[in-house]
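Student: Below is the file start18.cif, with mmCIF, C-alpha atoms.
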```cif
data_run
loop_
_atom_site.label_atom_id
_atom_site.label_comp_id
_atom_site.auth_asym_id
_atom_site.auth_seq_id
_atom_site.Cartn_x
_atom_site.Cartn_y
_atom_site.Cartn_z
CA MET A 1 -9.44 21.29 7.90
CA ASP A 2 -10.46 24.17 5.61
CA SER A 3 -8.56 26.54 3.35
CA LEU A 4 -7.61 28.83 6.25
CA ASP A 5 -6.08 25.91 8.19
CA ARG A 6 -4.18 24.98 5.05
CA LYS A 7 -2.85 28.53 4.70
CA ILE A 8 -1.77 28.49 8.34
CA ILE A 9 0.10 25.20 7.78
CA LYS A 10 1.84 26.55 4.68
CA LEU A 11 2.85 29.71 6.51
CA THR A 12 4.26 27.93 9.60
CA GLN A 13 5.61 24.61 8.26
CA SER A 14 9.14 26.01 7.97
CA GLY A 15 8.90 27.56 11.44
CA LEU A 16 7.39 30.29 13.61
CA PRO A 17 8.62 33.83 12.99
CA LEU A 18 11.21 35.04 15.51
CA VAL A 19 9.46 38.28 16.47
CA PRO A 20 8.08 39.20 19.90
CA GLU A 21 4.46 38.73 18.77
CA PRO A 22 4.64 35.84 16.28
CA TYR A 23 0.92 35.10 16.15
CA GLN A 24 0.09 38.74 15.38
CA TRP A 25 2.70 38.64 12.63
CA LEU A 26 1.18 35.49 11.10
CA ALA A 27 -2.35 36.85 11.41
CA ARG A 28 -1.37 39.99 9.50
CA GLN A 29 -0.05 37.87 6.62
CA LEU A 30 -3.39 36.09 6.45
CA ASP A 31 -5.48 39.21 6.97
CA ILE A 32 -7.21 37.78 10.05
CA SER A 33 -7.11 38.73 13.73
CA ALA A 34 -4.50 37.34 16.09
CA GLU A 35 -7.35 35.91 18.20
CA GLN A 36 -8.70 34.00 15.20
CA LEU A 37 -5.24 32.66 14.38
CA MET A 38 -4.64 31.53 17.98
CA ARG A 39 -8.07 29.85 18.08
CA ARG A 40 -7.23 27.95 14.89
CA LEU A 41 -3.89 26.81 16.29
CA GLU A 42 -5.58 25.65 19.50
CA ALA A 43 -8.20 23.78 17.48
CA MET A 44 -5.54 22.06 15.36
CA LYS A 45 -3.73 21.06 18.55
CA ASN A 46 -6.91 19.62 20.01
CA ALA A 47 -7.53 17.69 16.79
CA GLY A 48 -3.98 16.29 16.90
CA ILE A 49 -3.08 18.00 13.58
CA ILE A 50 -0.43 19.87 15.57
CA ARG A 51 1.34 17.51 17.97
CA ARG A 52 2.93 20.47 19.73
CA ILE A 53 4.70 23.73 18.97
CA ALA A 54 8.33 23.06 19.79
CA ALA A 55 11.97 23.05 18.81
CA VAL A 56 13.27 20.08 16.81
CA PRO A 57 16.92 19.50 17.74
CA ASN A 58 19.63 17.98 15.59
CA HIS A 59 20.57 14.86 17.63
CA TYR A 60 24.23 15.00 16.65
CA LYS A 61 24.70 18.66 17.57
CA LEU A 62 23.38 17.86 21.06
CA ASP A 63 25.97 15.06 21.38
CA TYR A 64 23.39 12.32 20.93
CA ARG A 65 25.66 10.54 18.47
CA PHE A 66 24.12 7.12 18.99
CA ASN A 67 20.63 6.96 17.54
CA GLY A 68 19.49 3.42 17.16
CA MET A 69 16.42 2.16 15.39
CA SER A 70 15.93 -1.16 17.12
CA VAL A 71 13.85 -3.62 15.11
CA TRP A 72 12.32 -6.77 16.49
CA ASP A 73 10.59 -9.90 15.23
CA ILE A 74 7.74 -10.50 17.66
CA GLU A 75 4.98 -13.04 17.23
CA ASP A 76 1.96 -11.20 15.78
CA ALA A 77 -0.42 -12.44 18.45
CA HIS A 78 1.63 -10.73 21.17
CA VAL A 79 3.04 -7.62 19.48
CA ASP A 80 0.20 -5.30 20.51
CA ARG A 81 0.32 -6.10 24.20
CA LEU A 82 4.12 -5.93 24.27
CA GLY A 83 4.17 -2.75 22.18
CA GLU A 84 1.95 -0.91 24.65
CA HIS A 85 4.25 -2.02 27.42
CA LEU A 86 7.51 -1.05 25.69
CA GLY A 87 6.08 2.32 24.65
CA GLN A 88 6.04 3.24 28.33
CA LEU A 89 9.81 2.91 28.74
CA ASP A 90 11.15 6.41 29.26
CA PHE A 91 14.08 5.96 26.87
CA VAL A 92 11.97 4.85 23.89
CA SER A 93 11.18 7.97 21.82
CA HIS A 94 9.01 6.39 19.13
CA CYS A 95 7.62 2.90 18.82
CA TYR A 96 5.48 1.29 16.16
CA GLN A 97 4.23 -1.94 14.72
CA ARG A 98 5.08 -2.17 10.99
CA PRO A 99 4.68 -4.81 8.27
CA ARG A 100 7.35 -7.44 7.59
CA HIS A 101 8.77 -7.91 4.09
CA LEU A 102 9.72 -11.56 4.07
CA PRO A 103 12.25 -12.96 3.52
CA GLU A 104 14.50 -9.85 3.49
CA TRP A 105 12.87 -8.05 6.40
CA PRO A 106 11.47 -10.20 9.23
CA TYR A 107 10.92 -7.37 11.75
CA ASN A 108 7.47 -6.10 12.75
CA PHE A 109 8.26 -3.88 15.74
CA PHE A 110 10.36 -0.69 15.77
CA ALA A 111 11.62 1.20 18.86
CA MET A 112 13.89 4.27 18.57
CA VAL A 113 16.47 4.94 21.26
CA HIS A 114 19.06 7.70 21.66
CA SER A 115 22.19 8.12 23.72
CA THR A 116 25.41 10.09 23.95
CA GLU A 117 27.34 6.79 24.10
CA GLN A 118 27.05 3.42 22.41
CA ALA A 119 26.98 1.63 25.76
CA GLY A 120 23.85 3.64 26.62
CA VAL A 121 22.03 2.33 23.57
CA GLU A 122 23.22 -1.21 24.28
CA ARG A 123 21.91 -1.03 27.85
CA GLN A 124 18.54 0.16 26.59
CA ILE A 125 18.35 -2.60 24.00
CA ALA A 126 19.25 -5.19 26.64
CA GLU A 127 16.42 -3.89 28.79
CA ILE A 128 13.92 -4.25 25.93
CA ALA A 129 15.23 -7.75 25.16
CA ALA A 130 14.84 -8.74 28.81
CA LEU A 131 11.24 -7.53 28.84
CA LEU A 132 10.42 -9.40 25.63
CA GLY A 133 12.04 -12.66 26.79
CA ASP A 134 11.02 -15.56 24.57
CA TYR A 135 8.65 -13.41 22.52
CA ASN A 136 11.75 -11.89 20.87
CA ARG A 137 12.55 -14.09 17.87
CA GLY A 138 15.36 -11.84 16.64
CA HIS A 139 16.43 -8.23 16.64
CA GLU A 140 18.95 -5.75 15.22
CA ILE A 141 19.99 -2.15 15.90
CA LEU A 142 20.30 0.13 12.89
CA TYR A 143 22.41 3.11 13.95
CA SER A 144 21.97 6.28 11.96
CA THR A 145 25.24 7.49 10.45
CA ARG A 146 24.03 10.70 8.82
CA ILE A 147 20.99 12.94 8.62
CA LEU A 148 20.35 13.25 4.87
CA LYS A 149 17.27 15.43 5.27
CA LYS A 150 15.21 16.75 8.15
CA THR A 151 12.69 19.36 7.11
CA GLY A 152 9.47 17.92 8.52
CA LEU A 153 6.21 18.02 6.61
CA ARG A 154 6.00 20.39 3.63
CA ILE A 155 2.76 20.80 1.76
CA ARG A 156 3.03 22.45 -1.66
CA MET B 157 26.64 26.16 23.55
CA ASP B 158 26.49 27.46 27.12
CA ASN B 159 24.12 26.69 29.97
CA LEU B 160 21.61 29.29 28.82
CA ASP B 161 21.47 27.73 25.33
CA LYS B 162 20.90 24.36 26.98
CA ALA B 163 18.10 25.74 29.14
CA ILE B 164 16.48 27.26 26.02
CA ILE B 165 16.75 23.96 24.12
CA ASN B 166 15.27 21.99 27.02
CA LEU B 167 12.40 24.38 27.55
CA LEU B 168 11.50 24.76 23.87
CA GLN B 169 11.30 21.01 23.30
CA ASP B 170 8.10 21.18 25.33
CA ASP B 171 4.92 22.92 24.38
CA PHE B 172 5.38 26.56 23.33
CA PRO B 173 2.48 28.75 24.50
CA ILE B 174 -0.23 30.13 22.25
CA CYS B 175 -0.72 33.64 23.65
CA GLU B 176 -0.07 37.24 22.65
CA ALA B 177 3.59 37.40 23.68
CA PRO B 178 4.80 33.78 23.91
CA TYR B 179 8.53 34.52 23.64
CA GLN B 180 8.16 37.01 26.50
CA ASN B 181 6.50 34.24 28.53
CA VAL B 182 9.40 31.84 27.86
CA ALA B 183 12.04 34.53 28.45
CA GLU B 184 10.53 35.29 31.86
CA ARG B 185 10.66 31.62 32.81
CA LEU B 186 14.36 31.63 31.88
CA GLY B 187 14.97 34.92 33.67
CA ILE B 188 16.23 36.68 30.54
CA ASP B 189 15.19 39.45 28.23
CA VAL B 190 13.00 38.58 25.21
CA ASP B 191 15.56 40.03 22.77
CA GLU B 192 18.24 37.76 24.16
CA LEU B 193 15.94 34.74 23.75
CA LEU B 194 15.17 35.65 20.13
CA GLN B 195 18.86 36.22 19.33
CA ARG B 196 19.87 32.91 20.91
CA LEU B 197 17.08 31.05 19.17
CA GLU B 198 18.04 32.54 15.82
CA ARG B 199 21.64 31.43 16.32
CA LEU B 200 20.65 27.90 17.38
CA LEU B 201 18.64 27.63 14.16
CA GLN B 202 21.35 29.16 11.97
CA THR B 203 24.03 26.84 13.30
CA GLY B 204 21.75 23.83 12.86
CA VAL B 205 21.64 22.89 16.57
CA LEU B 206 17.88 23.13 16.08
CA SER B 207 16.61 22.00 12.69
CA ARG B 208 13.26 23.76 13.15
CA PHE B 209 11.15 25.65 15.62
CA GLY B 210 7.40 25.72 15.11
CA PRO B 211 4.28 23.55 14.97
CA MET B 212 4.96 19.83 14.55
CA PHE B 213 2.31 18.68 12.11
CA HIS B 214 0.78 15.20 11.97
CA ALA B 215 0.08 14.38 8.31
CA GLU B 216 -2.44 11.61 9.04
CA LYS B 217 -4.52 13.77 11.36
CA MET B 218 -4.62 16.34 8.55
CA GLY B 219 -6.24 13.65 6.41
CA GLY B 220 -2.99 13.01 4.55
CA GLY B 221 -0.61 10.11 4.17
CA LEU B 222 2.47 9.08 6.16
CA THR B 223 4.88 6.21 5.77
CA LEU B 224 8.40 5.00 6.48
CA ALA B 225 10.25 3.51 3.52
CA ALA B 226 13.56 1.70 3.29
CA MET B 227 15.99 0.94 0.49
CA GLN B 228 19.14 -1.10 -0.05
CA VAL B 229 21.34 1.33 -1.96
CA PRO B 230 24.70 0.22 -3.44
CA GLU B 231 27.46 2.26 -1.69
CA GLN B 232 28.74 3.81 -4.93
CA ARG B 233 25.25 5.13 -5.75
CA PHE B 234 24.44 6.38 -2.25
CA ASP B 235 24.75 10.16 -2.78
CA GLU B 236 23.03 10.10 -6.15
CA VAL B 237 20.06 8.15 -4.75
CA ALA B 238 19.87 10.40 -1.66
CA GLU B 239 19.67 13.42 -3.95
CA ILE B 240 16.78 11.92 -5.93
CA ILE B 241 14.86 11.04 -2.76
CA ASN B 242 15.51 14.36 -1.03
CA SER B 243 14.31 16.29 -4.08
CA PHE B 244 10.71 15.37 -3.21
CA PRO B 245 9.25 17.99 -0.84
CA GLU B 246 7.08 15.19 0.58
CA VAL B 247 10.22 13.50 1.97
CA ALA B 248 10.18 14.93 5.50
CA HIS B 249 13.21 13.05 6.90
CA ASN B 250 15.88 10.83 5.43
CA TYR B 251 18.55 8.96 7.42
CA ALA B 252 21.58 6.93 6.44
CA ARG B 253 21.81 3.79 8.59
CA GLN B 254 24.47 1.17 9.11
CA HIS B 255 22.78 -1.89 7.58
CA ARG B 256 22.02 -3.59 4.28
CA PHE B 257 18.90 -1.45 4.39
CA ASN B 258 20.96 1.73 4.47
CA MET B 259 18.50 4.48 3.52
CA TRP B 260 15.35 5.20 5.52
CA PHE B 261 12.99 8.04 4.75
CA VAL B 262 9.65 9.34 5.94
CA LEU B 263 7.05 10.51 3.44
CA ALA B 264 4.33 12.92 4.58
CA THR B 265 1.70 13.89 2.00
CA GLU B 266 -1.39 16.03 1.94
CA ARG B 267 -3.48 13.27 0.35
CA PRO B 268 -3.13 9.56 1.24
CA GLU B 269 -3.01 8.35 -2.38
CA GLN B 270 0.14 10.42 -3.08
CA ILE B 271 2.20 7.97 -1.01
CA GLN B 272 1.95 5.17 -3.57
CA TYR B 273 2.60 7.52 -6.53
CA ILE B 274 5.72 8.95 -4.94
CA LEU B 275 7.11 5.56 -3.87
CA GLN B 276 6.53 4.31 -7.42
CA ASP B 277 8.23 7.43 -8.81
CA ILE B 278 11.24 6.96 -6.51
CA SER B 279 11.52 3.32 -7.51
CA GLU B 280 11.45 4.24 -11.21
CA LYS B 281 13.89 7.13 -10.91
CA THR B 282 16.43 5.08 -8.89
CA GLY B 283 15.83 1.66 -10.42
CA LEU B 284 15.80 0.23 -6.89
CA LYS B 285 13.19 -1.57 -4.84
CA VAL B 286 11.43 0.55 -2.22
CA TYR B 287 10.14 -1.22 0.88
CA ASP B 288 7.03 0.50 2.20
CA MET B 289 6.65 0.13 5.97
CA PRO B 290 3.61 2.17 7.01
CA LYS B 291 2.84 1.88 10.70
CA LYS B 292 0.12 -0.58 11.60
CA LYS B 293 -0.01 0.76 15.11
CA GLU B 294 1.67 3.55 17.07
CA TYR B 295 2.43 2.83 20.73
CA PHE B 296 4.34 5.97 21.65
CA VAL B 297 5.73 9.13 20.06
CA GLY B 298 7.38 11.83 22.15
CA LEU B 299 11.03 12.49 21.49
CA ARG B 300 12.83 14.70 24.02
CA LEU B 301 16.60 15.08 24.09
CA PRO B 302 17.54 16.74 27.38
CA VAL B 303 20.91 18.55 27.41
#
```
Produce structure tokens that represent the structure in this file.

Tutor:
Amino acid sequence: MDSLDRKIIKLTQSGLPLVPEPYQWLARQLDISAEQLMRRLEAMKNAGIIRRIAAVPNHYKLDYRFNGMSVWDIEDAHVDRLGEHLGQLDFVSHCYQRPRHLPEWPYNFFAMVHSTEQAGVERQIAEIAALLGDYNRGHEILYSTRILKKTGLRIR
Amino acid sequence: MDNLDKAIINLLQDDFPICEAPYQNVAERLGIDVDELLQRLERLLQTGVLSRFGPMFHAEKMGGGLTLAAMQVPEQRFDEVAEIINSFPEVAHNYARQHRFNMWFVLATERPEQIQYILQDISEKTGLKVYDMPKKKEYFVGLRLPV
């Protein structure tokens, strides 16, 4: 990543301009050609710096009122294998292995699920629990009650 | 929100094209005029149905830092603590959750070492313990909310 990439990030981190030719518009701000800007965006996508160019919805406004962060205590020796498996479930939107903070926080595996009804989340959690079987030593669902902030990355 | 708004939301959650006239490309796929798409998109953003539309950046792939942190905030201090945390531009998301650990935020920084400084700063400014839970491994990321 060089200084031009950084300028592109700063210029687009709050969103793409809503004009018919957005990349031309951005290129003009940076005093480069639209082709050069598009090549840079493609390169950042290929490098994984840009996951994708897309709309980020507000869950609640789309009626997804039940957003559960399910957290699980899985034996360390098995968490990787099980994590790969659970990551393939179509209703799991994000899933990670994270460190425990004993004794207050015994959970090392996180899987996010979303539904328009609580029963939907509960069904999904039951499915995960069934797949984990005896490897699940305990779990909880932390429902979100409010979005306090949702800007995405902002570099200064 | 009508069916056309829903179709726009569904389509734009997937990859937006990098080409000369990308909105035109999307509008054609929806069978509408580009001006209508832009007007609808503007309204969806203004009303907060969409919180953002643009590149989704991955801080770690940029060479930066990323973590999830949790706190146990006393109810009567909740708003005050949220305000302190949200004042950091590096706080990308912050969610209230129903649990003893009731505040969960994501930090995304340009340089990895900033994570520790900011967590320390938040802990000092709030007087509360911050639990750092950086991912050890990512198995899947790909949120889509079909409507």

Student: So what do you get for atom CA of A:Glu35 versus atom CA of A:Asp5, distance-wise?

Tutor: 14.2 Å

Student: Just to confirm, what's the straight-line distance from atom CA of B:Glu192 to atom CA of A:Gly152 in Å (one decimal)?

Tutor: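 These two atoms are separated by 26.7 Å.
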
Student: Hey, what's within 9 Å of B:Ala225 if we count all atoms listed in the file and toss same-chain stuff fewer than 2 positions away? As a ChimeraX atom specification, please?

Tutor: /B:223,227,259-263,275,286-290

Student: Taking the file as shown, find all residues satisfying the PyMOL selection byres ((chain A and resi 14) around 8) and write them as number ranges by chain.

Tutor: A: 11-13, 15-16, 151, 154; B: 208-210

Student: Could you state which residues are captured by the PyMOL selection byres ((chain A and resi 93) around 8) in this file, as number ranges by chain?

Tutor: A: 90-92, 94-95, 111-114; B: 296-300

Student: Find the residues near B:Tyr295: any atom within 6 Å, counting all atoms listed in the file, skip ones fewer than 5 places away on the same chain, and give them as a short mmCIF file (atom, residue, chain, number, x, y, z; two decimals) with C-alpha atoms, in the coordinates of the input.

Tutor:
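Contents of part_1.cif, as written:
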```cif
data_model
loop_
_atom_site.label_atom_id
_atom_site.label_comp_id
_atom_site.auth_asym_id
_atom_site.auth_seq_id
_atom_site.Cartn_x
_atom_site.Cartn_y
_atom_site.Cartn_z
CA GLU A 84 1.95 -0.91 24.65
CA GLY A 87 6.08 2.32 24.65
CA CYS A 95 7.62 2.90 18.82
CA TYR A 96 5.48 1.29 16.16
#
```

Student: One decimal, Å: what's the distance from atom CA of A:Glu75 over to atom CA of A:Ser144, could you say?

Tutor: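 Between atom CA of A:Glu75 and atom CA of A:Ser144 the gap is 26.3 Å.
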
Student: Go through the shown structure with the PyMOL selection byres ((chain B and resi 214-219) around 8) and write out the matching residues as JSON, numbers by chain.

Tutor: {"A": [1, 47, 48, 49, 50, 51, 153], "B": [212, 213, 220, 221, 222, 264, 265, 266, 267, 268]}

Student: Using all atoms listed in the file, which of the listed residues (A:Ile74, A:Leu18, A:Val79, A:Ile125) sits closest to chain B?

Tutor: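 The answer is A:Leu18, which sits nearest to chain B.
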
Student: So, counting all atoms listed in the file, which residue among B:Phe172, B:Phe257, B:Tyr251, B:Tyr179 is closest to A:Arg52?

Tutor: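 Distance minimum relative to A:Arg52 lands on B:Phe172.
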
Student: Neighbouring residues of B:Asp170 were defined as those with any atom within 8 Å, considering all atoms listed in the file; residues of the same chain fewer than 6 positions away were excluded. Please report them as number ranges by chain.

Tutor: A: 52-55

Student: Would you pick out the contacts of B:Ala252 at 12 Å or less, using all atoms listed in the file, so that residues sharing its chain but fewer than 6 positions from it are not included, and give the list as number ranges by chain?

Tutor: A: 67-69, 142-150; B: 226-229, 231, 234-235, 237-238, 258-261

Student: Using all atoms listed in the file, which residues sit within 8 Å of B:Ile240 once same-chain residues fewer than 4 positions away are excluded, as a PyMOL selection string?

Tutor: chain B and resi 236+244+278+281-282
